[in-house]
>>> print(open('final10.cif').read())   # mmCIF, C-alpha atoms
data_upload
#
loop_
_atom_site.label_atom_id
_atom_site.label_comp_id
_atom_site.auth_asym_id
_atom_site.auth_seq_id
_atom_site.Cartn_x
_atom_site.Cartn_y
_atom_site.Cartn_z
CA MET F 153 -121.45 -146.66 154.05
CA ASN F 154 -120.10 -143.10 154.10
CA HIS F 155 -118.79 -141.73 150.84
CA ILE F 156 -115.26 -140.38 151.26
CA GLN F 157 -114.71 -137.14 149.36
CA LYS F 158 -111.44 -137.08 147.37
CA ASP F 159 -110.21 -134.98 144.45
CA ASN F 160 -111.06 -137.70 141.96
CA ASN F 161 -114.73 -137.96 143.00
CA THR F 162 -115.76 -134.46 144.08
CA SER F 163 -117.32 -131.82 141.85
CA VAL F 164 -116.79 -128.07 141.96
CA SER F 165 -120.44 -127.68 142.92
CA PHE F 166 -119.80 -129.66 146.12
CA PHE F 167 -117.26 -127.06 147.25
CA LYS F 168 -119.40 -124.13 146.17
CA ASN F 169 -122.43 -125.51 148.02
CA GLU F 170 -120.48 -126.35 151.18
CA VAL F 171 -118.91 -122.89 151.40
CA GLN F 172 -122.20 -121.17 150.59
CA LYS F 173 -124.01 -123.13 153.33
CA PHE F 174 -121.22 -122.42 155.84
CA VAL F 175 -121.43 -118.68 155.14
CA ARG F 176 -125.25 -118.56 155.17
CA ASP F 177 -125.54 -120.60 158.39
CA ARG F 178 -123.46 -117.95 160.17
CA ASN F 179 -125.19 -114.96 158.56
CA TRP F 180 -121.89 -113.84 157.06
CA THR F 181 -123.20 -113.16 153.54
CA LYS F 182 -123.19 -109.39 154.16
CA PHE F 183 -119.44 -109.57 154.88
CA HIS F 184 -118.64 -111.72 151.86
CA THR F 185 -118.33 -108.92 149.34
CA PRO F 186 -115.79 -109.20 146.52
CA LYS F 187 -113.54 -106.56 148.14
CA ASN F 188 -113.58 -108.24 151.55
CA LEU F 189 -113.04 -111.69 150.07
CA ILE F 190 -110.10 -110.55 147.95
CA GLN F 191 -108.52 -109.02 151.05
CA ALA F 192 -109.17 -112.19 153.08
CA LEU F 193 -107.75 -114.28 150.24
CA SER F 194 -104.61 -112.14 150.18
CA ILE F 195 -104.18 -112.54 153.94
CA GLU F 196 -104.53 -116.33 153.70
CA VAL F 197 -102.01 -116.49 150.84
CA SER F 198 -99.64 -114.46 153.03
CA GLU F 199 -100.13 -116.92 155.89
CA LEU F 200 -99.24 -119.75 153.52
CA SER F 201 -96.21 -117.84 152.31
CA GLU F 202 -95.12 -117.16 155.88
CA ILE F 203 -94.64 -120.89 156.46
CA PHE F 204 -91.88 -120.82 153.84
CA LEU F 205 -90.42 -117.41 154.70
CA PHE F 206 -86.61 -117.53 154.98
CA LYS F 207 -86.66 -121.32 154.71
CA ASP F 208 -85.74 -123.68 151.93
CA ILE F 209 -88.19 -126.47 152.70
CA SER F 210 -87.80 -129.52 150.48
CA LEU F 211 -90.68 -131.63 149.25
CA ASP F 212 -89.23 -134.53 151.24
CA THR F 213 -89.37 -132.44 154.41
CA ILE F 214 -92.96 -131.42 153.75
CA ASN F 215 -94.00 -135.02 153.17
CA SER F 216 -92.18 -136.36 156.22
CA ASP F 217 -93.20 -133.65 158.72
CA LYS F 218 -96.87 -134.27 159.55
CA GLU F 219 -97.28 -131.01 161.48
CA LEU F 220 -95.74 -128.96 158.68
CA LEU F 221 -97.87 -130.71 156.07
CA GLU F 222 -100.99 -130.08 158.16
CA ASN F 223 -100.14 -126.37 158.52
CA ILE F 224 -99.59 -126.08 154.77
CA SER F 225 -102.78 -128.02 154.09
CA ASP F 226 -104.78 -125.77 156.43
CA GLU F 227 -103.55 -122.60 154.75
CA ILE F 228 -104.13 -123.95 151.24
CA SER F 229 -107.64 -124.90 152.34
CA ASP F 230 -108.25 -121.40 153.71
CA VAL F 231 -107.13 -119.93 150.37
CA PHE F 232 -109.40 -122.35 148.52
CA ILE F 233 -112.40 -121.59 150.75
CA TYR F 234 -112.07 -117.83 150.24
CA LEU F 235 -111.54 -118.32 146.50
CA ILE F 236 -114.72 -120.41 146.31
CA SER F 237 -116.58 -117.83 148.36
CA LEU F 238 -115.37 -115.08 146.00
CA ALA F 239 -116.60 -117.10 143.01
CA ASN F 240 -119.93 -117.58 144.78
CA SER F 241 -120.23 -113.86 145.57
CA ILE F 242 -120.00 -112.91 141.89
CA ASN F 243 -121.89 -115.97 140.59
CA LEU F 244 -118.86 -117.14 138.64
CA ASP F 245 -119.02 -120.50 136.93
CA LEU F 246 -115.54 -121.74 137.81
CA THR F 247 -115.47 -124.51 135.23
CA SER F 248 -116.31 -122.16 132.35
CA ALA F 249 -113.86 -119.54 133.63
CA PHE F 250 -111.13 -122.15 133.99
CA ILE F 251 -111.63 -123.56 130.49
CA LYS F 252 -111.68 -120.07 128.95
CA LYS F 253 -108.52 -119.01 130.80
CA MET F 254 -106.67 -122.22 129.95
CA GLU F 255 -107.39 -121.62 126.27
CA LYS F 256 -105.95 -118.10 126.61
CA ASN F 257 -102.89 -119.54 128.39
CA LYS F 258 -102.38 -122.14 125.66
CA ASP F 259 -102.35 -119.35 123.06
CA LYS F 260 -100.13 -117.09 125.15
CA TYR F 261 -97.69 -119.85 126.11
CA SER F 262 -97.67 -122.10 123.05
CA THR F 263 -95.67 -125.32 123.20
CA GLU F 264 -93.78 -124.16 120.12
CA GLU F 265 -92.36 -121.21 122.07
CA PHE F 266 -92.36 -122.61 125.61
CA ASN F 267 -91.08 -126.17 125.51
CA ASN F 268 -87.65 -126.06 127.11
CA GLY F 269 -88.71 -125.84 130.76
CA SER F 270 -88.24 -122.08 130.82
CA TYR F 271 -90.78 -119.38 131.56
CA GLN F 272 -89.31 -117.27 128.77
CA LYS F 273 -89.86 -117.52 125.04
CA LEU F 274 -87.23 -119.46 123.11
#
>>> encode(input="final10.cif", output="structure tokens")
Amino acid sequence: MNHIQKDNNTSVSFFKNEVQKFVRDRNWTKFHTPKNLIQALSIEVSELSEIFLFKDISLDTINSDKELLENISDEISDVFIYLISLANSINLDLTSAFIKKMEKNKDKYSTEEFNNGSYQKL
């Protein structure tokens, strides 16, 4: 029986290994420098943003339009792949970095000061 990969059963290392193998199998490692990956990441984020440019697309529309959802999904995946490749290129432990940054965010945006649904201090 094939194991189906979903968010709730897939580790960060799975993604890191898959992207690393994909890059190595194509001999692209020399192109996957931090500078190039940041630029590629920016381009992919722009492509995702372009889907929404000058449109007010509701969540209902996204969920009911299979083609739109697939386009959004593809661009989010491209962003994710380049982000993983960037982490790989600098040997970043994403889990440790995430935990450290979330602690900083919790201090910076305490629930005592940010609890009314606003992005501004009370």
>>> atom_distance(input="final10.cif", atom1="CA of Phe166 in chain F", atom2="CA of Leu244 in chain F")
14.6 Å
>>> atom_distance(input="final10.cif", atom1="CA of Leu200 in chain F", atom2="CA of Ile214 in chain F")
13.3 Å
>>> axis_aligned_box(input="final10.cif", around="range 180-196 of chain F", padding_each_side="6 Å", output="AutoDock Vina command-line options")
--center_x -113.7 --center_y -111.4 --center_z 151.8 --size_x 31.0 --size_y 21.8 --size_z 22.5
>>> residues_around(input="final10.cif", residues="Ser229 in chain F", least_positions_apart="3", cutoff="12 Å", atoms="only C-alpha atoms", output="list in words")
Phe167, Val171, Leu193, Glu196, Val197, Glu199, Leu200, Leu221, Glu222, Asn223, Ile224, Ser225, Asp226, Phe232, Ile233, Tyr234, Leu235 and Ile236 of chain F
>>> atom_distance(input="final10.cif", atom1="CA of Gln157 in chain F", atom2="CA of Asp230 in chain F")
17.6 Å
